[in-house]
>>> print(open('structure_20.txt').read())   # compact mmCIF, C-alpha atoms and all ligand atoms
# COMPACT_ATOMS: atom_id res chain seq x y z
CA ILE A 1 -51.32 17.02 -2.02
CA LYS A 2 -48.87 18.65 -4.38
CA ASN A 3 -48.70 15.44 -6.40
CA ILE A 4 -52.46 15.11 -6.84
CA THR A 5 -52.88 16.99 -10.09
CA GLY A 6 -54.12 16.23 -13.59
CA VAL A 7 -57.22 14.26 -14.54
CA ILE A 8 -59.10 12.78 -11.58
CA PRO A 9 -62.38 10.92 -12.13
CA ALA A 10 -65.08 11.54 -9.52
CA MET A 11 -65.51 7.83 -9.43
CA VAL A 12 -68.85 6.11 -9.84
CA THR A 13 -69.94 3.65 -7.18
CA THR A 14 -70.95 0.32 -8.68
CA PHE A 15 -74.32 -1.07 -7.59
CA ASP A 16 -75.74 -4.43 -8.62
CA GLU A 17 -79.25 -5.30 -9.86
CA ASN A 18 -80.54 -5.15 -6.24
CA GLU A 19 -78.92 -1.77 -5.60
CA ASN A 20 -76.25 -3.27 -3.36
CA PHE A 21 -72.63 -2.16 -3.54
CA ASP A 22 -70.89 -4.48 -5.98
CA GLU A 23 -67.33 -4.93 -4.84
CA ALA A 24 -66.13 -6.99 -7.81
CA ARG A 25 -67.41 -4.39 -10.27
CA MET A 26 -65.79 -1.61 -8.24
CA ARG A 27 -62.44 -3.35 -8.38
CA ALA A 28 -62.81 -3.82 -12.14
CA ALA A 29 -63.68 -0.12 -12.55
CA VAL A 30 -60.59 0.89 -10.57
CA ARG A 31 -58.40 -1.29 -12.81
CA PHE A 32 -60.07 0.15 -15.91
CA LEU A 33 -59.30 3.71 -14.82
CA ILE A 34 -55.72 2.99 -13.74
CA ASP A 35 -55.09 1.22 -17.06
CA ARG A 36 -56.31 4.36 -18.78
CA LYS A 37 -53.68 6.37 -16.93
CA VAL A 38 -55.86 8.67 -14.81
CA HIS A 39 -53.81 10.67 -12.32
CA GLY A 40 -55.89 9.98 -9.21
CA LEU A 41 -59.40 9.06 -8.03
CA TYR A 42 -62.02 11.04 -6.10
CA LEU A 43 -64.34 8.68 -4.20
CA THR A 44 -67.88 8.86 -2.86
CA GLY A 45 -68.70 12.30 -4.20
CA SER A 46 -71.84 13.33 -6.07
CA THR A 47 -71.04 11.00 -8.97
CA GLY A 48 -70.38 8.30 -6.39
CA GLU A 49 -74.01 8.70 -5.17
CA SER A 50 -72.69 9.11 -1.63
CA PHE A 51 -75.72 10.89 -0.20
CA MET A 52 -77.76 7.79 -0.99
CA MET A 53 -75.40 5.51 0.90
CA SER A 54 -75.03 4.58 4.56
CA PRO A 55 -71.80 5.54 6.37
CA GLU A 56 -70.85 1.85 6.50
CA GLU A 57 -71.26 1.51 2.74
CA ARG A 58 -69.18 4.63 2.12
CA LYS A 59 -66.43 3.28 4.33
CA ARG A 60 -66.50 -0.04 2.48
CA VAL A 61 -66.12 1.70 -0.90
CA VAL A 62 -63.08 3.55 0.43
CA GLU A 63 -61.51 0.33 1.77
CA VAL A 64 -62.10 -1.58 -1.46
CA VAL A 65 -60.63 1.16 -3.66
CA VAL A 66 -57.59 1.65 -1.42
CA ASP A 67 -56.97 -2.09 -1.53
CA GLU A 68 -57.38 -2.39 -5.31
CA THR A 69 -55.31 0.72 -6.04
CA ALA A 70 -52.43 -0.51 -3.87
CA GLY A 71 -50.72 2.89 -3.88
CA ARG A 72 -50.46 3.16 -7.68
CA ILE A 73 -52.28 6.53 -7.86
CA PRO A 74 -53.34 9.01 -5.17
CA LEU A 75 -56.85 8.84 -3.73
CA MET A 76 -59.18 11.50 -2.34
CA ALA A 77 -62.36 10.67 -0.47
CA HIS A 78 -65.37 12.91 -0.21
CA VAL A 79 -66.50 12.58 3.42
CA GLY A 80 -69.19 15.28 3.60
CA ALA A 81 -72.31 14.31 5.55
CA ILE A 82 -73.95 17.49 7.00
CA SER A 83 -73.32 16.69 10.66
CA THR A 84 -69.79 17.42 11.82
CA LYS A 85 -69.82 14.28 13.97
CA LEU A 86 -70.53 11.92 11.09
CA THR A 87 -68.16 13.72 8.73
CA VAL A 88 -65.36 13.47 11.30
CA GLU A 89 -66.09 9.74 11.63
CA LEU A 90 -65.82 9.29 7.86
CA ALA A 91 -62.71 11.48 7.66
CA GLN A 92 -60.91 9.55 10.39
CA HIS A 93 -61.89 6.28 8.77
CA ALA A 94 -60.53 7.53 5.42
CA GLU A 95 -57.21 8.38 7.04
CA GLU A 96 -56.93 4.98 8.72
CA ALA A 97 -57.86 3.28 5.45
CA GLY A 98 -54.97 4.96 3.62
CA ILE A 99 -56.60 7.82 1.69
CA ASP A 100 -54.32 10.72 0.65
CA ALA A 101 -56.73 13.68 0.96
CA ILE A 102 -60.27 14.31 2.17
CA SER A 103 -62.88 16.59 0.67
CA SER A 104 -66.32 17.81 1.65
CA VAL A 105 -69.25 19.84 0.43
CA PRO A 106 -70.39 22.39 3.01
CA PRO A 107 -73.19 21.28 5.36
CA PHE A 108 -76.41 21.92 3.44
CA TYR A 109 -80.25 21.73 3.64
CA TRP A 110 -80.72 23.87 6.78
CA GLY A 111 -79.06 26.95 5.37
CA PHE A 112 -76.18 27.11 7.85
CA SER A 113 -74.54 30.44 8.62
CA GLN A 114 -71.06 31.29 7.36
CA ASP A 115 -69.70 30.81 10.88
CA GLN A 116 -71.28 27.38 11.14
CA VAL A 117 -69.82 26.40 7.77
CA TYR A 118 -66.41 27.73 8.81
CA ASN A 119 -66.57 25.77 12.07
CA TYR A 120 -67.56 22.62 10.21
CA TYR A 121 -64.47 22.82 7.99
CA SER A 122 -62.25 23.74 10.89
CA ASP A 123 -63.45 20.80 13.00
CA VAL A 124 -63.36 18.23 10.19
CA THR A 125 -59.97 19.38 8.89
CA GLY A 126 -58.52 19.33 12.39
CA SER A 127 -59.75 15.81 12.99
CA THR A 128 -57.15 14.18 10.72
CA SER A 129 -53.67 14.94 9.42
CA LEU A 130 -54.90 14.73 5.82
CA PRO A 131 -55.23 17.76 3.56
CA MET A 132 -58.83 18.92 3.09
CA ILE A 133 -60.23 20.06 -0.26
CA ALA A 134 -63.39 22.14 0.24
CA TYR A 135 -66.00 21.49 -2.44
CA ASN A 136 -67.62 24.53 -4.02
CA VAL A 137 -70.69 23.27 -5.88
CA PRO A 138 -74.10 24.85 -6.60
CA LEU A 139 -75.89 21.68 -5.37
CA ALA A 140 -74.69 22.37 -1.80
CA GLY A 141 -74.53 26.19 -1.98
CA LEU A 142 -71.61 28.18 -3.36
CA PHE A 143 -69.17 29.83 -0.95
CA GLY A 144 -68.34 33.11 -2.68
CA PHE A 145 -64.78 34.43 -2.90
CA ASP A 146 -64.61 35.96 0.59
CA MET A 147 -65.64 32.69 2.19
CA ILE A 148 -63.08 30.76 0.15
CA LYS A 149 -60.47 33.20 1.41
CA ARG A 150 -61.64 32.71 4.98
CA LEU A 151 -61.62 28.90 4.65
CA SER A 152 -58.09 29.04 3.26
CA THR A 153 -56.88 30.26 6.67
CA ILE A 154 -57.79 26.91 8.26
CA LYS A 155 -54.64 24.88 8.88
CA GLY A 156 -54.75 21.82 6.65
CA LEU A 157 -57.39 23.18 4.29
CA ALA A 158 -55.22 22.84 1.22
CA GLY A 159 -57.47 23.73 -1.67
CA ILE A 160 -60.82 23.78 -3.35
CA LYS A 161 -62.74 21.74 -5.84
CA TYR A 162 -64.23 24.55 -7.83
CA THR A 163 -67.47 23.57 -9.59
CA ALA A 164 -68.78 27.03 -10.39
CA THR A 165 -68.79 28.71 -13.78
CA THR A 166 -67.02 31.88 -12.61
CA HIS A 167 -63.57 30.76 -13.67
CA PHE A 168 -62.03 34.22 -13.27
CA GLU A 169 -62.09 33.38 -9.55
CA ILE A 170 -59.63 30.55 -10.12
CA MET A 171 -57.10 33.14 -11.22
CA ARG A 172 -58.08 35.37 -8.31
CA ILE A 173 -57.60 32.53 -5.82
CA LYS A 174 -54.08 31.98 -7.12
CA GLU A 175 -53.30 35.72 -6.98
CA GLU A 176 -55.06 36.80 -3.79
CA ILE A 177 -54.95 33.67 -1.63
CA SER A 178 -51.84 31.78 -2.71
CA LYS A 179 -50.51 30.09 -5.80
CA ASP A 180 -50.06 27.05 -3.55
CA PHE A 181 -53.76 26.88 -2.68
CA ILE A 182 -54.81 23.94 -4.86
CA VAL A 183 -57.69 24.39 -7.28
CA TYR A 184 -59.45 21.53 -9.03
CA SER A 185 -61.78 22.61 -11.78
CA GLY A 186 -65.08 20.80 -11.46
CA ALA A 187 -67.20 21.35 -14.59
CA ASP A 188 -66.11 18.80 -17.19
CA GLU A 189 -67.68 20.82 -20.02
CA MET A 190 -65.37 23.71 -19.02
CA ALA A 191 -62.20 21.74 -18.27
CA MET A 192 -60.17 23.68 -20.81
CA SER A 193 -61.28 26.96 -19.28
CA GLY A 194 -60.51 25.81 -15.73
CA LEU A 195 -57.05 24.60 -16.65
CA SER A 196 -56.33 27.75 -18.68
CA PHE A 197 -57.25 29.91 -15.71
CA GLY A 198 -54.70 28.08 -13.58
CA ALA A 199 -56.45 25.05 -12.05
CA ASP A 200 -54.00 22.37 -10.87
CA GLY A 201 -56.25 19.54 -11.95
CA ILE A 202 -59.75 18.54 -12.95
CA ILE A 203 -62.18 16.36 -11.00
CA GLY A 204 -65.40 15.20 -12.63
CA SER A 205 -67.75 12.46 -13.64
CA PHE A 206 -67.00 12.14 -17.36
CA TYR A 207 -63.36 11.31 -16.62
CA ASN A 208 -64.72 7.85 -15.72
CA LEU A 209 -65.89 7.47 -19.29
CA ILE A 210 -63.47 9.29 -21.59
CA PRO A 211 -60.35 9.94 -19.52
CA GLU A 212 -58.12 9.77 -22.61
CA VAL A 213 -59.77 12.84 -24.15
CA PHE A 214 -59.20 14.89 -21.00
CA ILE A 215 -55.64 13.63 -20.46
CA ALA A 216 -54.90 14.83 -24.00
CA LEU A 217 -56.73 18.10 -23.31
CA ASP A 218 -54.73 18.68 -20.12
CA ALA A 219 -51.47 18.00 -21.99
CA ALA A 220 -52.50 20.36 -24.80
CA VAL A 221 -53.24 23.21 -22.37
CA LYS A 222 -49.90 22.63 -20.63
CA ALA A 223 -48.16 22.72 -24.03
CA GLY A 224 -49.97 25.94 -24.92
CA ASP A 225 -51.72 24.28 -27.86
CA MET A 226 -55.11 25.89 -27.34
CA GLU A 227 -56.52 24.85 -30.70
CA ALA A 228 -55.88 21.19 -29.92
CA ALA A 229 -57.34 21.65 -26.42
CA ARG A 230 -60.45 23.25 -27.90
CA GLN A 231 -60.95 20.30 -30.22
CA PHE A 232 -60.65 17.80 -27.35
CA GLN A 233 -63.17 19.83 -25.35
CA GLU A 234 -65.54 19.89 -28.33
CA THR A 235 -65.32 16.10 -28.71
CA ALA A 236 -65.97 15.60 -24.98
CA ASN A 237 -68.83 18.08 -24.92
CA ALA A 238 -70.74 16.20 -27.62
CA ILE A 239 -70.83 13.21 -25.26
CA ILE A 240 -71.47 15.29 -22.12
CA PHE A 241 -74.38 17.28 -23.55
CA PHE A 242 -75.94 14.16 -25.06
CA SER A 243 -75.76 12.45 -21.63
CA LEU A 244 -76.87 15.29 -19.35
CA PRO A 245 -80.63 15.09 -20.08
CA ARG A 246 -80.54 11.26 -19.94
CA ASN A 247 -79.33 10.47 -16.40
CA PRO A 248 -75.60 11.09 -16.81
CA ILE A 249 -74.36 8.80 -14.03
CA ALA A 250 -76.24 5.81 -15.46
CA ALA A 251 -75.02 6.76 -18.95
CA ILE A 252 -71.41 6.84 -17.75
CA LYS A 253 -71.84 3.43 -16.14
CA ARG A 254 -73.27 1.94 -19.35
CA GLY A 255 -70.49 3.46 -21.44
CA MET A 256 -67.89 1.94 -19.12
CA ALA A 257 -69.61 -1.44 -19.51
CA TRP A 258 -69.28 -1.26 -23.31
CA MET A 259 -65.57 -0.69 -22.84
CA GLY A 260 -65.15 -3.75 -20.65
CA ALA A 261 -65.64 -2.42 -17.12
CA ASP A 262 -69.28 -3.00 -16.18
CA ALA A 263 -69.84 -0.26 -13.61
CA GLY A 264 -73.29 -1.60 -12.76
CA LEU A 265 -76.43 0.38 -12.06
CA CYS A 266 -77.55 3.51 -10.20
CA ARG A 267 -79.50 3.66 -6.99
CA SER A 268 -83.14 4.79 -7.02
CA PRO A 269 -84.49 7.37 -7.50
CA PHE A 270 -81.87 7.67 -10.25
CA GLY A 271 -83.12 5.49 -13.08
CA ASN A 272 -81.29 3.08 -15.35
CA PHE A 273 -81.48 2.36 -19.06
CA ASP A 274 -83.73 -0.30 -20.53
CA LYS A 275 -82.60 -2.09 -23.71
CA ALA A 276 -84.09 0.51 -26.06
CA GLY A 277 -82.65 3.38 -24.04
CA GLU A 278 -79.23 1.78 -24.07
CA GLU A 279 -79.36 1.38 -27.88
CA GLU A 280 -80.33 5.04 -28.24
CA LEU A 281 -77.46 6.03 -25.96
CA LYS A 282 -75.01 3.93 -27.93
CA ALA A 283 -76.18 5.47 -31.20
CA GLY A 284 -75.91 8.97 -29.72
CA PHE A 285 -72.38 8.38 -28.44
CA ARG A 286 -71.30 6.99 -31.84
CA LYS A 287 -72.37 10.22 -33.58
C1 LIG A 301 -68.36 14.58 -7.75
O1 LIG A 301 -68.14 14.86 -6.59
O2 LIG A 301 -68.88 13.53 -8.09
C2 LIG A 301 -68.01 15.52 -8.80
O3 LIG A 301 -66.93 16.01 -8.88
C3 LIG A 301 -69.05 15.81 -9.77
C4 LIG A 301 -68.69 16.83 -10.77
C5 LIG A 301 -69.86 16.97 -11.69
N1 LIG A 301 -70.73 17.99 -11.19
C6 LIG A 301 -71.95 17.77 -10.75
C7 LIG A 301 -72.71 18.95 -10.28
O4 LIG A 301 -72.43 16.67 -10.73
O5 LIG A 301 -68.47 16.26 -13.43
C8 LIG A 301 -69.39 17.25 -13.07
C9 LIG A 301 -70.57 17.22 -14.02
O6 LIG A 301 -71.16 15.95 -14.03
C10 LIG A 301 -70.12 17.56 -15.43
O7 LIG A 301 -69.44 18.76 -15.44
C11 LIG A 301 -71.31 17.62 -16.37
O8 LIG A 301 -72.13 18.72 -16.07
>>> encode(input="structure_20.txt", output="structure tokens")
Amino acid sequence: IKNITGVIPAMVTTFDENENFDEARMRAAVRFLIDRKVHGLYLTGSTGESFMMSPEERKRVVEVVVDETAGRIPLMAHVGAISTKLTVELAQHAEEAGIDAISSVPPFYWGFSQDQVYNYYSDVTGSTSLPMIAYNVPLAGLFGFDMIKRLSTIKGLAGIKYTATTHFEIMRIKEEISKDFIVYSGADEMAMSGLSFGADGIIGSFYNLIPEVFIALDAAVKAGDMEAARQFQETANAIIFFSLPRNPIAAIKRGMAWMGADAGLCRSPFGNFDKAGEEELKAGFRK
């Protein structure tokens, strides 16, 4: 896991006009991102629309990306699925397929107790030899620092994807848990902040679209050039905040298409852009 750092797109899943997984488009999207020098890929997460996919479809996405990547960059797969049984199945499949690390949101919807969440991570992490990255995200319920500390005691639970705005905790994790506990900053609009506070890498949806800007931002933070980093963040944020109210995953997919990697469409109930909407998006991005 040590070598999975830097800029890691939470990869989109490509669907065709009938909402079916489009393998050819997925392969093209993988090539597009590798050509743009991303440092790794995070599959079937929120941006990958995983909770709208069957387990078989999720497994197929993993297999296709492993095959197309052919070991050129490291791969993480989000395997979260609420029930421990299904998550273990997806985790074990990911390991057999050749994934380098697994990740999961906590079980959600029923309001599970802290013990139940702990047991979930313990069982899933113990089910493979892969490192596990817990996923702290408001959509599934944030852990809180004490719970992160408790989860860090699970053997094999190597780090956290930290998509909360309380970035001071990134520093605290490094100080109070361990500097070796990996932290991936998860809010693209705060990538500079996350990296400045000590995150080892960044995982997010807009790294599918403008990876170059974030690779430059990451390098600027590492070089201590905060003014340059701020400018890269400002450039990225213009695109992010224009996209957020307009179905960001579909917007990212359209933007990738204009750059030569048609990432297809989103699954319902996410919408897609009609011709006029796409023109408006293009004009907004150009500004
Ligand atoms: C994933 O698993 O797909 C992610 O890592 C998604 C991360 C995104 N967060 C959410 C809540 O969707 O990239 C961010 C997000 O789109 C970005 O910061 C803009 O708000």
>>> residues_near_ligand(input="structure_20.txt", ligand="ligand LIG 301 (chain A)", cutoff="8 Å", atoms="all atoms listed in the file", output="VMD selection string")
chain A and resid 9 to 12 42 to 49 78 137 to 139 161 163 186 to 190 203 to 207 240 to 241 244 248 to 249
>>> write_last_selection(input="structure_20.txt", atoms="C-alpha atoms", output="mmCIF file, in the frame of the given file")
data_model
loop_
_atom_site.group_PDB
_atom_site.id
_atom_site.type_symbol
_atom_site.label_atom_id
_atom_site.label_comp_id
_atom_site.auth_asym_id
_atom_site.auth_seq_id
_atom_site.Cartn_x
_atom_site.Cartn_y
_atom_site.Cartn_z
ATOM 1 C CA PRO A 9 -62.380 10.920 -12.130
ATOM 2 C CA ALA A 10 -65.080 11.540 -9.520
ATOM 3 C CA MET A 11 -65.510 7.830 -9.430
ATOM 4 C CA VAL A 12 -68.850 6.110 -9.840
ATOM 5 C CA TYR A 42 -62.020 11.040 -6.100
ATOM 6 C CA LEU A 43 -64.340 8.680 -4.200
ATOM 7 C CA THR A 44 -67.880 8.860 -2.860
ATOM 8 C CA GLY A 45 -68.700 12.300 -4.200
ATOM 9 C CA SER A 46 -71.840 13.330 -6.070
ATOM 10 C CA THR A 47 -71.040 11.000 -8.970
ATOM 11 C CA GLY A 48 -70.380 8.300 -6.390
ATOM 12 C CA GLU A 49 -74.010 8.700 -5.170
ATOM 13 C CA HIS A 78 -65.370 12.910 -0.210
ATOM 14 C CA VAL A 137 -70.690 23.270 -5.880
ATOM 15 C CA PRO A 138 -74.100 24.850 -6.600
ATOM 16 C CA LEU A 139 -75.890 21.680 -5.370
ATOM 17 C CA LYS A 161 -62.740 21.740 -5.840
ATOM 18 C CA THR A 163 -67.470 23.570 -9.590
ATOM 19 C CA GLY A 186 -65.080 20.800 -11.460
ATOM 20 C CA ALA A 187 -67.200 21.350 -14.590
ATOM 21 C CA ASP A 188 -66.110 18.800 -17.190
ATOM 22 C CA GLU A 189 -67.680 20.820 -20.020
ATOM 23 C CA MET A 190 -65.370 23.710 -19.020
ATOM 24 C CA ILE A 203 -62.180 16.360 -11.000
ATOM 25 C CA GLY A 204 -65.400 15.200 -12.630
ATOM 26 C CA SER A 205 -67.750 12.460 -13.640
ATOM 27 C CA PHE A 206 -67.000 12.140 -17.360
ATOM 28 C CA TYR A 207 -63.360 11.310 -16.620
ATOM 29 C CA ILE A 240 -71.470 15.290 -22.120
ATOM 30 C CA PHE A 241 -74.380 17.280 -23.550
ATOM 31 C CA LEU A 244 -76.870 15.290 -19.350
ATOM 32 C CA PRO A 248 -75.600 11.090 -16.810
ATOM 33 C CA ILE A 249 -74.360 8.800 -14.030
#
>>> residues_around(input="structure_20.txt", residues="Arg27 of chain A", least_positions_apart="6", cutoff="8 Å", atoms="all atoms listed in the file", output="number ranges by chain")
A: 64-65, 68
>>> residues_around(input="structure_20.txt", residues="Arg58 of chain A", least_positions_apart="6", cutoff="12 Å", atoms="all atoms listed in the file", output="ChimeraX atom specification")
/A:13-14,20-21,23,43-45,48-52,64-65,77-81,86-87,89-91,93-94,97
>>> atom_distance(input="structure_20.txt", atom1="atom CA of Glu63 of chain A", atom2="atom CA of Ser129 of chain A")
18.3 Å
>>> atom_distance(input="structure_20.txt", atom1="atom CA of Ile99 of chain A", atom2="atom CA of Arg36 of chain A")
20.8 Å
>>> atom_distance(input="structure_20.txt", atom1="atom CA of Leu217 of chain A", atom2="atom CA of Gly141 of chain A")
28.9 Å
>>> closest_residue(input="structure_20.txt", among="A:Arg246, A:Thr166, A:Ala276, A:Ile173", to="Leu142 of chain A", atoms="only C-alpha atoms")
A:Thr166
>>> residues_around(input="structure_20.txt", residues="Arg25 of chain A", least_positions_apart="3", cutoff="8 Å", atoms="all atoms listed in the file", output="number ranges by chain")
A: 14, 22, 28-29, 261-264
>>> write_last_selection(input="structure_20.txt", atoms="C-alpha atoms", output="tab-separated table (two decimals), in the coordinates of the input")
chain	number	residue	atom	x	y	z
A	14	THR	CA	-70.95	0.32	-8.68
A	22	ASP	CA	-70.89	-4.48	-5.98
A	28	ALA	CA	-62.81	-3.82	-12.14
A	29	ALA	CA	-63.68	-0.12	-12.55
A	261	ALA	CA	-65.64	-2.42	-17.12
A	262	ASP	CA	-69.28	-3.00	-16.18
A	263	ALA	CA	-69.84	-0.26	-13.61
A	264	GLY	CA	-73.29	-1.60	-12.76
>>> residues_around(input="structure_20.txt", residues="Glu212 of chain A", least_positions_apart="3", cutoff="8 Å", atoms="all atoms listed in the file", output="ChimeraX atom specification")
/A:36-37,215-216
>>> residues_near_point(input="structure_20.txt", point="(-62.6, 23.7, -17.4)", cutoff="12 Å", atoms="only C-alpha atoms", output="NGL selection string")
:A and (6-7 or 161-168 or 170 or 183-204 or 214 or 217-218 or 221 or 229-230 or 232-234 or 236-237)
>>> residues_around(input="structure_20.txt", residues="Val105 of chain A", least_positions_apart="6", cutoff="7 Å", atoms="only C-alpha atoms", output="PyMOL selection string")
chain A and resi 80+134-136+140
>>> write_last_selection(input="structure_20.txt", atoms="C-alpha atoms", output="tab-separated table (two decimals), keeping the file's coordinate frame")
chain	number	residue	atom	x	y	z
A	80	GLY	CA	-69.19	15.28	3.60
A	134	ALA	CA	-63.39	22.14	0.24
A	135	TYR	CA	-66.00	21.49	-2.44
A	136	ASN	CA	-67.62	24.53	-4.02
A	140	ALA	CA	-74.69	22.37	-1.80
